[in-house]
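So this block is data.cif, mmCIF, N, CA and C atoms:
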data_structure
#
loop_
_atom_site.label_atom_id
_atom_site.label_comp_id
_atom_site.auth_asym_id
_atom_site.auth_seq_id
_atom_site.Cartn_x
_atom_site.Cartn_y
_atom_site.Cartn_z
N MET U 1140 71.46 171.06 141.02
CA MET U 1140 72.63 170.40 140.50
C MET U 1140 72.32 168.92 140.23
N LYS U 1141 71.74 168.29 141.23
CA LYS U 1141 71.40 166.87 141.08
C LYS U 1141 70.37 166.70 139.96
N ALA U 1142 69.43 167.58 139.91
CA ALA U 1142 68.40 167.51 138.88
C ALA U 1142 69.02 167.67 137.49
N GLN U 1143 69.97 168.57 137.40
CA GLN U 1143 70.63 168.77 136.11
C GLN U 1143 71.42 167.52 135.70
N ALA U 1144 72.07 166.89 136.67
CA ALA U 1144 72.80 165.65 136.38
C ALA U 1144 71.83 164.55 135.94
N VAL U 1145 70.68 164.47 136.57
CA VAL U 1145 69.68 163.48 136.20
C VAL U 1145 69.18 163.76 134.78
N ARG U 1146 68.94 165.04 134.44
CA ARG U 1146 68.52 165.39 133.09
C ARG U 1146 69.57 165.00 132.06
N THR U 1147 70.81 165.24 132.42
CA THR U 1147 71.91 164.87 131.51
C THR U 1147 71.93 163.36 131.32
N GLY U 1148 71.73 162.63 132.39
CA GLY U 1148 71.66 161.16 132.29
C GLY U 1148 70.55 160.72 131.36
N TYR U 1149 69.40 161.38 131.47
CA TYR U 1149 68.28 161.03 130.59
C TYR U 1149 68.60 161.36 129.14
N ARG U 1150 69.35 162.41 128.93
CA ARG U 1150 69.72 162.75 127.57
C ARG U 1150 70.72 161.75 126.99
N MET U 1151 71.52 161.15 127.81
CA MET U 1151 72.51 160.19 127.34
C MET U 1151 71.92 158.79 127.15
N ALA U 1152 70.78 158.51 127.71
CA ALA U 1152 70.16 157.19 127.59
C ALA U 1152 69.92 156.78 126.14
N PRO U 1153 69.46 157.67 125.27
CA PRO U 1153 69.27 157.26 123.86
C PRO U 1153 70.57 156.82 123.19
N VAL U 1154 71.70 157.42 123.59
CA VAL U 1154 72.98 157.03 123.00
C VAL U 1154 73.29 155.58 123.37
N ALA U 1155 73.07 155.24 124.64
CA ALA U 1155 73.29 153.85 125.06
C ALA U 1155 72.33 152.91 124.35
N ASP U 1156 71.09 153.32 124.18
CA ASP U 1156 70.12 152.49 123.46
C ASP U 1156 70.55 152.28 122.01
N GLN U 1157 71.06 153.33 121.39
CA GLN U 1157 71.53 153.21 120.00
C GLN U 1157 72.71 152.24 119.92
N ALA U 1158 73.60 152.30 120.89
CA ALA U 1158 74.75 151.39 120.90
C ALA U 1158 74.28 149.94 121.04
N ARG U 1159 73.29 149.72 121.90
CA ARG U 1159 72.75 148.37 122.07
C ARG U 1159 72.08 147.88 120.79
N MET U 1160 71.35 148.75 120.12
CA MET U 1160 70.69 148.38 118.86
C MET U 1160 71.74 148.08 117.79
N ALA U 1161 72.81 148.85 117.76
CA ALA U 1161 73.87 148.63 116.77
C ALA U 1161 74.52 147.28 117.00
N ALA U 1162 74.73 146.93 118.26
CA ALA U 1162 75.33 145.62 118.56
C ALA U 1162 74.42 144.50 118.10
N ALA U 1163 73.14 144.62 118.37
CA ALA U 1163 72.20 143.58 117.95
C ALA U 1163 72.16 143.47 116.43
N GLN U 1164 72.22 144.59 115.75
CA GLN U 1164 72.20 144.57 114.29
C GLN U 1164 73.45 143.92 113.74
N ARG U 1165 74.61 144.18 114.34
CA ARG U 1165 75.87 143.58 113.87
C ARG U 1165 75.83 142.06 114.01
N ILE U 1166 75.29 141.59 115.11
CA ILE U 1166 75.19 140.14 115.32
C ILE U 1166 74.26 139.52 114.28
N GLU U 1167 73.14 140.17 114.03
CA GLU U 1167 72.21 139.67 113.03
C GLU U 1167 72.84 139.67 111.64
N ASP U 1168 73.59 140.72 111.33
CA ASP U 1168 74.29 140.78 110.05
C ASP U 1168 75.29 139.63 109.92
N ALA U 1169 75.99 139.31 111.00
CA ALA U 1169 76.94 138.20 110.97
C ALA U 1169 76.22 136.89 110.69
N ARG U 1170 75.06 136.70 111.26
CA ARG U 1170 74.29 135.48 111.01
C ARG U 1170 73.82 135.41 109.57
N TYR U 1171 73.37 136.56 109.02
CA TYR U 1171 72.96 136.57 107.62
C TYR U 1171 74.15 136.27 106.70
N TRP U 1172 75.32 136.70 107.11
CA TRP U 1172 76.52 136.46 106.31
C TRP U 1172 76.93 134.99 106.37
N ALA U 1173 76.80 134.36 107.52
CA ALA U 1173 77.30 133.00 107.71
C ALA U 1173 76.39 131.94 107.08
N ALA U 1174 75.09 132.13 107.13
CA ALA U 1174 74.15 131.10 106.69
C ALA U 1174 74.38 130.67 105.24
N PRO U 1175 74.50 131.57 104.28
CA PRO U 1175 74.69 131.13 102.90
C PRO U 1175 76.03 130.42 102.70
N ARG U 1176 77.01 130.79 103.47
CA ARG U 1176 78.32 130.14 103.33
C ARG U 1176 78.28 128.70 103.82
N LEU U 1177 77.53 128.45 104.88
CA LEU U 1177 77.35 127.07 105.34
C LEU U 1177 76.64 126.24 104.28
N GLU U 1178 75.59 126.81 103.70
CA GLU U 1178 74.85 126.08 102.68
C GLU U 1178 75.73 125.84 101.45
N SER U 1179 76.53 126.82 101.08
CA SER U 1179 77.44 126.68 99.95
C SER U 1179 78.45 125.56 100.19
N ALA U 1180 78.95 125.46 101.42
CA ALA U 1180 79.90 124.39 101.74
C ALA U 1180 79.23 123.02 101.60
N ALA U 1181 77.99 122.91 102.03
CA ALA U 1181 77.28 121.65 101.89
C ALA U 1181 77.08 121.28 100.42
N HIS U 1182 76.70 122.27 99.61
CA HIS U 1182 76.52 122.00 98.18
C HIS U 1182 77.84 121.66 97.51
N GLY U 1183 78.90 122.30 97.94
CA GLY U 1183 80.23 121.98 97.40
C GLY U 1183 80.60 120.54 97.65
N PHE U 1184 80.29 120.05 98.83
CA PHE U 1184 80.56 118.64 99.13
C PHE U 1184 79.74 117.74 98.22
N GLU U 1185 78.46 118.07 98.07
CA GLU U 1185 77.60 117.26 97.20
C GLU U 1185 78.09 117.27 95.75
N ASP U 1186 78.56 118.40 95.31
CA ASP U 1186 78.96 118.54 93.90
C ASP U 1186 80.35 117.99 93.61
N GLN U 1187 81.24 117.98 94.60
CA GLN U 1187 82.62 117.60 94.33
C GLN U 1187 83.00 116.23 94.87
N VAL U 1188 82.73 115.99 96.14
CA VAL U 1188 83.19 114.74 96.77
C VAL U 1188 82.24 113.58 96.47
N ALA U 1189 80.96 113.81 96.58
CA ALA U 1189 79.99 112.74 96.39
C ALA U 1189 80.09 112.07 95.01
N PRO U 1190 80.24 112.81 93.90
CA PRO U 1190 80.36 112.14 92.60
C PRO U 1190 81.60 111.24 92.51
N ARG U 1191 82.68 111.66 93.12
CA ARG U 1191 83.89 110.83 93.08
C ARG U 1191 83.68 109.53 93.84
N VAL U 1192 83.07 109.62 95.00
CA VAL U 1192 82.79 108.41 95.77
C VAL U 1192 81.82 107.52 95.00
N SER U 1193 80.82 108.12 94.38
CA SER U 1193 79.85 107.36 93.60
C SER U 1193 80.51 106.63 92.44
N SER U 1194 81.40 107.32 91.72
CA SER U 1194 82.06 106.65 90.59
C SER U 1194 82.97 105.53 91.08
N ALA U 1195 83.62 105.74 92.22
CA ALA U 1195 84.47 104.68 92.76
C ALA U 1195 83.63 103.47 93.13
N LEU U 1196 82.48 103.72 93.73
CA LEU U 1196 81.59 102.60 94.10
C LEU U 1196 81.03 101.92 92.85
N THR U 1197 80.74 102.68 91.79
CA THR U 1197 80.24 102.10 90.54
C THR U 1197 81.30 101.21 89.92
N ARG U 1198 82.54 101.69 89.90
CA ARG U 1198 83.62 100.85 89.38
C ARG U 1198 83.77 99.58 90.21
N ALA U 1199 83.64 99.72 91.51
CA ALA U 1199 83.73 98.55 92.37
C ALA U 1199 82.59 97.58 92.07
N ALA U 1200 81.40 98.11 91.84
CA ALA U 1200 80.25 97.25 91.54
C ALA U 1200 80.46 96.50 90.22
N ARG U 1201 81.04 97.17 89.22
CA ARG U 1201 81.32 96.48 87.95
C ARG U 1201 82.33 95.37 88.14
N LYS U 1202 83.29 95.63 88.99
CA LYS U 1202 84.33 94.61 89.21
C LYS U 1202 83.81 93.39 89.96
N ILE U 1203 82.83 93.59 90.82
CA ILE U 1203 82.30 92.44 91.56
C ILE U 1203 81.10 91.80 90.89
N ASP U 1204 80.76 92.28 89.69
CA ASP U 1204 79.67 91.69 88.93
C ASP U 1204 79.99 90.22 88.66
N PRO U 1205 79.04 89.30 88.88
CA PRO U 1205 79.34 87.87 88.77
C PRO U 1205 79.63 87.39 87.34
N THR U 1206 79.24 88.13 86.31
CA THR U 1206 79.46 87.63 84.95
C THR U 1206 80.92 87.51 84.57
N PRO U 1207 81.78 88.50 84.83
CA PRO U 1207 83.19 88.32 84.43
C PRO U 1207 84.00 87.68 85.56
N SER U 1208 83.77 86.49 85.92
CA SER U 1208 84.41 85.86 87.08
C SER U 1208 85.90 85.62 86.85
N ARG U 1209 86.70 86.63 87.00
CA ARG U 1209 88.16 86.50 86.87
C ARG U 1209 88.77 86.13 88.22
N SER U 1210 88.73 87.11 89.11
CA SER U 1210 89.34 86.89 90.42
C SER U 1210 88.32 87.25 91.50
N THR U 1211 88.37 86.57 92.58
CA THR U 1211 87.40 86.84 93.64
C THR U 1211 87.95 87.80 94.69
N ARG U 1212 89.25 88.01 94.71
CA ARG U 1212 89.82 88.90 95.73
C ARG U 1212 89.74 90.37 95.31
N TRP U 1213 89.97 90.68 94.05
CA TRP U 1213 89.98 92.07 93.62
C TRP U 1213 88.65 92.79 93.82
N PRO U 1214 87.55 92.21 93.48
CA PRO U 1214 86.28 92.93 93.69
C PRO U 1214 86.05 93.30 95.16
N MET U 1215 86.35 92.40 96.05
CA MET U 1215 86.16 92.69 97.47
C MET U 1215 87.12 93.80 97.92
N PHE U 1216 88.34 93.76 97.42
CA PHE U 1216 89.32 94.79 97.74
C PHE U 1216 88.84 96.15 97.26
N ILE U 1217 88.32 96.19 96.05
CA ILE U 1217 87.83 97.45 95.49
C ILE U 1217 86.62 97.96 96.27
N LEU U 1218 85.74 97.07 96.64
CA LEU U 1218 84.58 97.46 97.43
C LEU U 1218 85.01 98.06 98.76
N MET U 1219 85.92 97.39 99.42
CA MET U 1219 86.40 97.89 100.71
C MET U 1219 87.12 99.24 100.54
N THR U 1220 87.88 99.36 99.45
CA THR U 1220 88.57 100.62 99.18
C THR U 1220 87.55 101.73 98.95
N GLY U 1221 86.50 101.45 98.21
CA GLY U 1221 85.44 102.43 97.97
C GLY U 1221 84.76 102.85 99.26
N LEU U 1222 84.49 101.89 100.10
CA LEU U 1222 83.87 102.21 101.39
C LEU U 1222 84.82 103.06 102.24
N ALA U 1223 86.10 102.71 102.22
CA ALA U 1223 87.09 103.47 102.99
C ALA U 1223 87.20 104.90 102.46
N VAL U 1224 87.24 105.05 101.13
CA VAL U 1224 87.33 106.39 100.53
C VAL U 1224 86.08 107.19 100.90
N GLY U 1225 84.93 106.56 100.85
CA GLY U 1225 83.69 107.25 101.22
C GLY U 1225 83.71 107.69 102.68
N ALA U 1226 84.18 106.82 103.55
CA ALA U 1226 84.25 107.17 104.97
C ALA U 1226 85.24 108.29 105.20
N ILE U 1227 86.38 108.23 104.53
CA ILE U 1227 87.39 109.29 104.68
C ILE U 1227 86.85 110.61 104.14
N GLY U 1228 86.18 110.57 103.03
CA GLY U 1228 85.57 111.78 102.47
C GLY U 1228 84.55 112.38 103.42
N TYR U 1229 83.73 111.53 104.00
CA TYR U 1229 82.72 112.01 104.94
C TYR U 1229 83.40 112.63 106.17
N MET U 1230 84.43 111.97 106.69
CA MET U 1230 85.12 112.50 107.86
C MET U 1230 85.80 113.83 107.53
N ALA U 1231 86.38 113.94 106.35
CA ALA U 1231 87.02 115.20 105.95
C ALA U 1231 85.97 116.31 105.83
N TYR U 1232 84.83 115.98 105.28
CA TYR U 1232 83.75 116.96 105.17
C TYR U 1232 83.32 117.43 106.55
N ARG U 1233 83.11 116.51 107.47
CA ARG U 1233 82.68 116.87 108.82
C ARG U 1233 83.72 117.72 109.53
N ARG U 1234 84.99 117.36 109.37
CA ARG U 1234 86.07 118.11 110.02
C ARG U 1234 86.13 119.53 109.45
N ASN U 1235 86.07 119.64 108.14
CA ASN U 1235 86.12 120.97 107.51
C ASN U 1235 84.90 121.80 107.89
N ALA U 1236 83.74 121.17 107.92
CA ALA U 1236 82.53 121.89 108.30
C ALA U 1236 82.64 122.37 109.74
N GLN U 1237 83.17 121.52 110.62
CA GLN U 1237 83.31 121.91 112.02
C GLN U 1237 84.33 123.04 112.17
N GLN U 1238 85.45 122.95 111.46
CA GLN U 1238 86.45 124.02 111.53
C GLN U 1238 85.86 125.32 111.01
N TRP U 1239 85.10 125.24 109.93
CA TRP U 1239 84.50 126.43 109.37
C TRP U 1239 83.50 127.04 110.35
N THR U 1240 82.71 126.16 110.99
CA THR U 1240 81.73 126.64 111.97
C THR U 1240 82.43 127.31 113.14
N GLU U 1241 83.52 126.71 113.62
CA GLU U 1241 84.26 127.32 114.72
C GLU U 1241 84.84 128.67 114.31
N HIS U 1242 85.34 128.72 113.08
CA HIS U 1242 85.88 129.99 112.58
C HIS U 1242 84.78 131.05 112.53
N MET U 1243 83.60 130.66 112.10
CA MET U 1243 82.49 131.61 112.02
C MET U 1243 82.07 132.05 113.43
N LYS U 1244 82.10 131.11 114.39
CA LYS U 1244 81.78 131.48 115.76
C LYS U 1244 82.78 132.51 116.26
N ASP U 1245 84.07 132.27 115.98
CA ASP U 1245 85.11 133.21 116.40
C ASP U 1245 84.89 134.56 115.75
N SER U 1246 84.55 134.57 114.46
CA SER U 1246 84.32 135.84 113.76
C SER U 1246 83.13 136.57 114.36
N ALA U 1247 82.07 135.82 114.65
CA ALA U 1247 80.88 136.44 115.24
C ALA U 1247 81.18 136.95 116.65
N SER U 1248 81.96 136.17 117.42
CA SER U 1248 82.27 136.63 118.77
C SER U 1248 83.19 137.84 118.72
N ASP U 1249 84.11 137.89 117.73
CA ASP U 1249 84.96 139.07 117.57
C ASP U 1249 84.10 140.30 117.25
N ALA U 1250 83.14 140.14 116.36
CA ALA U 1250 82.26 141.25 116.00
C ALA U 1250 81.44 141.69 117.22
N SER U 1251 80.95 140.72 117.96
CA SER U 1251 80.16 141.03 119.15
C SER U 1251 81.03 141.74 120.19
N ARG U 1252 82.25 141.24 120.37
CA ARG U 1252 83.18 141.86 121.33
C ARG U 1252 83.46 143.30 120.91
N TRP U 1253 83.68 143.51 119.60
CA TRP U 1253 83.96 144.86 119.10
C TRP U 1253 82.78 145.78 119.37
N VAL U 1254 81.58 145.30 119.12
CA VAL U 1254 80.39 146.13 119.34
C VAL U 1254 80.23 146.42 120.83
N ASN U 1255 80.48 145.42 121.69
CA ASN U 1255 80.38 145.64 123.13
C ASN U 1255 81.40 146.66 123.60
N GLU U 1256 82.63 146.56 123.10
CA GLU U 1256 83.66 147.53 123.48
C GLU U 1256 83.26 148.93 123.02
N LYS U 1257 82.73 149.02 121.82
CA LYS U 1257 82.30 150.32 121.30
C LYS U 1257 81.18 150.89 122.17
N ALA U 1258 80.26 150.04 122.59
CA ALA U 1258 79.16 150.50 123.44
C ALA U 1258 79.70 150.95 124.80
N GLU U 1259 80.67 150.22 125.34
CA GLU U 1259 81.26 150.62 126.63
C GLU U 1259 81.98 151.95 126.51
N ARG U 1260 82.73 152.12 125.41
CA ARG U 1260 83.42 153.39 125.21
C ARG U 1260 82.42 154.54 125.08
N THR U 1261 81.32 154.29 124.40
CA THR U 1261 80.29 155.32 124.25
C THR U 1261 79.69 155.66 125.61
N ALA U 1262 79.42 154.63 126.41
CA ALA U 1262 78.86 154.86 127.75
C ALA U 1262 79.85 155.64 128.62
N GLU U 1263 81.14 155.28 128.54
CA GLU U 1263 82.16 156.00 129.32
C GLU U 1263 82.24 157.45 128.86
N SER U 1264 82.17 157.66 127.56
CA SER U 1264 82.21 159.02 127.03
C SER U 1264 81.01 159.82 127.53
N ALA U 1265 79.86 159.19 127.54
CA ALA U 1265 78.65 159.86 128.03
C ALA U 1265 78.80 160.20 129.51
N ASP U 1266 79.38 159.29 130.28
CA ASP U 1266 79.61 159.54 131.71
C ASP U 1266 80.57 160.71 131.90
N ARG U 1267 81.63 160.75 131.09
CA ARG U 1267 82.60 161.86 131.20
C ARG U 1267 81.93 163.19 130.86
N ILE U 1268 81.13 163.18 129.82
CA ILE U 1268 80.44 164.41 129.42
C ILE U 1268 79.48 164.85 130.52
N ALA U 1269 78.76 163.88 131.09
CA ALA U 1269 77.83 164.21 132.17
C ALA U 1269 78.58 164.77 133.36
N ALA U 1270 79.74 164.18 133.71
CA ALA U 1270 80.54 164.68 134.83
C ALA U 1270 81.05 166.08 134.53
N ASN U 1271 81.47 166.31 133.31
CA ASN U 1271 81.96 167.63 132.91
C ASN U 1271 80.83 168.67 133.01
N VAL U 1272 79.65 168.31 132.55
CA VAL U 1272 78.52 169.22 132.62
C VAL U 1272 78.17 169.49 134.08
N SER U 1273 78.24 168.45 134.89
CA SER U 1273 77.95 168.60 136.31
C SER U 1273 78.95 169.53 136.98
N GLU U 1274 80.24 169.38 136.64
CA GLU U 1274 81.28 170.24 137.20
C GLU U 1274 81.06 171.69 136.77
N LYS U 1275 80.72 171.90 135.53
CA LYS U 1275 80.47 173.26 135.05
C LYS U 1275 79.24 173.87 135.73
N ALA U 1276 78.26 173.02 135.97
CA ALA U 1276 77.06 173.51 136.67
C ALA U 1276 77.43 173.89 138.09
N ASP U 1277 78.25 173.08 138.76
CA ASP U 1277 78.71 173.41 140.12
C ASP U 1277 79.48 174.72 140.10
N GLU U 1278 80.37 174.87 139.16
CA GLU U 1278 81.18 176.08 139.06
C GLU U 1278 80.31 177.31 138.84
N THR U 1279 79.35 177.18 137.95
CA THR U 1279 78.44 178.29 137.69
C THR U 1279 77.61 178.61 138.92
N SER U 1280 77.18 177.57 139.61
CA SER U 1280 76.39 177.75 140.83
C SER U 1280 77.20 178.47 141.89
N ARG U 1281 78.49 178.10 142.03
CA ARG U 1281 79.36 178.75 143.01
C ARG U 1281 79.58 180.22 142.63
N LYS U 1282 79.75 180.50 141.36
CA LYS U 1282 79.96 181.88 140.94
C LYS U 1282 78.73 182.74 141.20
N MET U 1283 77.57 182.14 141.07
CA MET U 1283 76.34 182.89 141.28
C MET U 1283 76.06 183.13 142.76
N SER U 1284 76.64 182.30 143.61
CA SER U 1284 76.38 182.45 145.04
C SER U 1284 77.12 183.57 145.70
#

For the file at hand, write its structure as structure tokens.
Amino acid sequence: MKAQAVRTGYRMAPVADQARMAAAQRIEDARYWAAPRLESAAHGFEDQVAPRVSSALTRAARKIDPTPSRSTRWPMFILMTGLAVGAIGYMAYRRNAQQWTEHMKDSASDASRWVNEKAERTAESADRIAANVSEKADETSRKMS
């Protein structure tokens, strides 16, 4: 009886191994999914926010050019505004990138949690099947005695 239960346990070991491999694959898939999106977000910032800041700074530079000496306060104001806009843009980028990263961590942890739960359910199912087989073996053994 004990030997039969041990054999059943050995037969169920590959199922647990497959569940573990599936979990590892799901995590790797999540990483492959997240990496290009992070890079895309970085390129989006370079393509959208950086040119606006650059043009604002260029306009500020033209205004502070010494040749058209109209007013001395406006060029400094524009320069400071450009620097402030650049700093705000950078902070917004960092905040959005951090929120996106946290969201991706949550998504990956949800996927990992799902795979772990699935593996636990599979292991519990294997245990129930092994117990059922063991009970049937006991019953058959009693009938034969």

Query raised in the report: Rounded to one decimal in Å, what is the spacing between CA of Lys1141 (chain U) and atom N of Ile1268 (chain U)?
Result: 15.3 Å

Report task. Tell me which residues the PyMOL selection byres ((chain U and resi 1214) around 8) grabs here, as a VMD selection string. Result -> chain U and resid 1198 to 1204 1210 to 1213 1215 to 1220

Report task. Any chance you could resolve the PyMOL selection byres ((chain U and resi 1140) around 8) against this file and give the residues as a ChimeraX atom specification? Result -> /U:1141-1146,1273,1276-1277

Report task. Find the residues around Ser1193 (chain U) up to 12 Å (only C-alpha atoms counted), leave out those fewer than 6 positions away in its own chain, and share them as an NGL selection string. Result -> :U and (1185-1187 or 1199-1200 or 1218 or 1221-1222 or 1224-1225 or 1228)

Same residues, N, CA and C atoms, saved as a PDB file, keeping the file's coordinate frame:
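This went into again_36.pdb:
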ATOM      1  N   GLU U1185      78.460 118.070  98.070  1.00  0.00           N
ATOM      2  CA  GLU U1185      77.600 117.260  97.200  1.00  0.00           C
ATOM      3  C   GLU U1185      78.090 117.270  95.750  1.00  0.00           C
ATOM      4  N   ASP U1186      78.560 118.400  95.310  1.00  0.00           N
ATOM      5  CA  ASP U1186      78.960 118.540  93.900  1.00  0.00           C
ATOM      6  C   ASP U1186      80.350 117.990  93.610  1.00  0.00           C
ATOM      7  N   GLN U1187      81.240 117.980  94.600  1.00  0.00           N
ATOM      8  CA  GLN U1187      82.620 117.600  94.330  1.00  0.00           C
ATOM      9  C   GLN U1187      83.000 116.230  94.870  1.00  0.00           C
ATOM     10  N   ALA U1199      83.640  99.720  91.510  1.00  0.00           N
ATOM     11  CA  ALA U1199      83.730  98.550  92.370  1.00  0.00           C
ATOM     12  C   ALA U1199      82.590  97.580  92.070  1.00  0.00           C
ATOM     13  N   ALA U1200      81.400  98.110  91.840  1.00  0.00           N
ATOM     14  CA  ALA U1200      80.250  97.250  91.540  1.00  0.00           C
ATOM     15  C   ALA U1200      80.460  96.500  90.220  1.00  0.00           C
ATOM     16  N   LEU U1218      85.740  97.070  96.640  1.00  0.00           N
ATOM     17  CA  LEU U1218      84.580  97.460  97.430  1.00  0.00           C
ATOM     18  C   LEU U1218      85.010  98.060  98.760  1.00  0.00           C
ATOM     19  N   GLY U1221      86.500 101.450  98.210  1.00  0.00           N
ATOM     20  CA  GLY U1221      85.440 102.430  97.970  1.00  0.00           C
ATOM     21  C   GLY U1221      84.760 102.850  99.260  1.00  0.00           C
ATOM     22  N   LEU U1222      84.490 101.890 100.100  1.00  0.00           N
ATOM     23  CA  LEU U1222      83.870 102.210 101.390  1.00  0.00           C
ATOM     24  C   LEU U1222      84.820 103.060 102.240  1.00  0.00           C
ATOM     25  N   VAL U1224      87.240 105.050 101.130  1.00  0.00           N
ATOM     26  CA  VAL U1224      87.330 106.390 100.530  1.00  0.00           C
ATOM     27  C   VAL U1224      86.080 107.190 100.900  1.00  0.00           C
ATOM     28  N   GLY U1225      84.930 106.560 100.850  1.00  0.00           N
ATOM     29  CA  GLY U1225      83.690 107.250 101.220  1.00  0.00           C
ATOM     30  C   GLY U1225      83.710 107.690 102.680  1.00  0.00           C
ATOM     31  N   GLY U1228      86.180 110.570 103.030  1.00  0.00           N
ATOM     32  CA  GLY U1228      85.570 111.780 102.470  1.00  0.00           C
ATOM     33  C   GLY U1228      84.550 112.380 103.420  1.00  0.00           C
TER      34      GLY U1228
END

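Interatomic distance, atom N of Thr1147 (chain U) to atom C of Ala1269 (chain U): 7.8 Å.
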
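Distances here use all atoms listed in the file; by that measure, the residue among U:Tyr1232, U:Arg1165, U:Ala1270, U:Ala1158 closest to Phe1184 (chain U) is U:Tyr1232.
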
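For the atom pair formed by CA of Lys1275 (chain U) and CA of Arg1159 (chain U), the distance is 29.1 Å, given to one decimal.
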
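Here the question is which of U:Ala1262, U:Met1283, U:Tyr1171, U:Asn1271 gets nearest to Met1151 (chain U) using all atoms listed in the file, and that residue is U:Ala1262.
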
If we count only C-alpha atoms, what is near region 1154-1156 of chain U at a cut-off of 12 Å, once residues fewer than 2 positions away on the same chain are taken out, given as a short mmCIF file (atom, residue, chain, number, x, y, z; two decimals) with N, CA and C atoms, in the frame of the given file?
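As written to disk, selection32.cif reads:
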data_model
loop_
_atom_site.label_atom_id
_atom_site.label_comp_id
_atom_site.auth_asym_id
_atom_site.auth_seq_id
_atom_site.Cartn_x
_atom_site.Cartn_y
_atom_site.Cartn_z
N THR U 1147 70.81 165.24 132.42
CA THR U 1147 71.91 164.87 131.51
C THR U 1147 71.93 163.36 131.32
N GLY U 1148 71.73 162.63 132.39
CA GLY U 1148 71.66 161.16 132.29
C GLY U 1148 70.55 160.72 131.36
N TYR U 1149 69.40 161.38 131.47
CA TYR U 1149 68.28 161.03 130.59
C TYR U 1149 68.60 161.36 129.14
N ARG U 1150 69.35 162.41 128.93
CA ARG U 1150 69.72 162.75 127.57
C ARG U 1150 70.72 161.75 126.99
N MET U 1151 71.52 161.15 127.81
CA MET U 1151 72.51 160.19 127.34
C MET U 1151 71.92 158.79 127.15
N ALA U 1152 70.78 158.51 127.71
CA ALA U 1152 70.16 157.19 127.59
C ALA U 1152 69.92 156.78 126.14
N ALA U 1158 73.60 152.30 120.89
CA ALA U 1158 74.75 151.39 120.90
C ALA U 1158 74.28 149.94 121.04
N ARG U 1159 73.29 149.72 121.90
CA ARG U 1159 72.75 148.37 122.07
C ARG U 1159 72.08 147.88 120.79
N MET U 1160 71.35 148.75 120.12
CA MET U 1160 70.69 148.38 118.86
C MET U 1160 71.74 148.08 117.79
N ALA U 1161 72.81 148.85 117.76
CA ALA U 1161 73.87 148.63 116.77
C ALA U 1161 74.52 147.28 117.00
N ALA U 1162 74.73 146.93 118.26
CA ALA U 1162 75.33 145.62 118.56
C ALA U 1162 74.42 144.50 118.10
N ALA U 1163 73.14 144.62 118.37
CA ALA U 1163 72.20 143.58 117.95
C ALA U 1163 72.16 143.47 116.43
N VAL U 1254 81.58 145.30 119.12
CA VAL U 1254 80.39 146.13 119.34
C VAL U 1254 80.23 146.42 120.83
N ASN U 1255 80.48 145.42 121.69
CA ASN U 1255 80.38 145.64 123.13
C ASN U 1255 81.40 146.66 123.60
N LYS U 1257 82.73 149.02 121.82
CA LYS U 1257 82.30 150.32 121.30
C LYS U 1257 81.18 150.89 122.17
N ALA U 1258 80.26 150.04 122.59
CA ALA U 1258 79.16 150.50 123.44
C ALA U 1258 79.70 150.95 124.80
N GLU U 1259 80.67 150.22 125.34
CA GLU U 1259 81.26 150.62 126.63
C GLU U 1259 81.98 151.95 126.51
N ARG U 1260 82.73 152.12 125.41
CA ARG U 1260 83.42 153.39 125.21
C ARG U 1260 82.42 154.54 125.08
N THR U 1261 81.32 154.29 124.40
CA THR U 1261 80.29 155.32 124.25
C THR U 1261 79.69 155.66 125.61
N ALA U 1262 79.42 154.63 126.41
CA ALA U 1262 78.86 154.86 127.75
C ALA U 1262 79.85 155.64 128.62
N GLU U 1263 81.14 155.28 128.54
CA GLU U 1263 82.16 156.00 129.32
C GLU U 1263 82.24 157.45 128.86
N SER U 1264 82.17 157.66 127.56
CA SER U 1264 82.21 159.02 127.03
C SER U 1264 81.01 159.82 127.53
N ALA U 1265 79.86 159.19 127.54
CA ALA U 1265 78.65 159.86 128.03
C ALA U 1265 78.80 160.20 129.51
N ASP U 1266 79.38 159.29 130.28
CA ASP U 1266 79.61 159.54 131.71
C ASP U 1266 80.57 160.71 131.90
#

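Among the candidate residues U:Glu1256, U:Thr1279, U:Tyr1229, U:Asp1249, the one lying nearest to Val1188 (chain U) is U:Tyr1229, with distances computed using only N, CA and C atoms.
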
Report task. Check the smallest atom-to-atom distance from each of U:Ser1251, U:Glu1274, U:Ala1223, U:Ser1280 to Ile1166 (chain U) using only C-alpha atoms, then report the winner. Result ->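 Among U:Ser1251, U:Glu1274, U:Ala1223, U:Ser1280, it is U:Ser1251 that comes nearest to Ile1166 (chain U).
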
**Report entry** Selection result for the PyMOL selection byres (((chain U and resi 1247 and name CA) around 10) and name CA) on this file, as an NGL selection string
**Finding:** :U and (1165-1170 or 1172-1173 or 1241-1246 or 1248-1253)
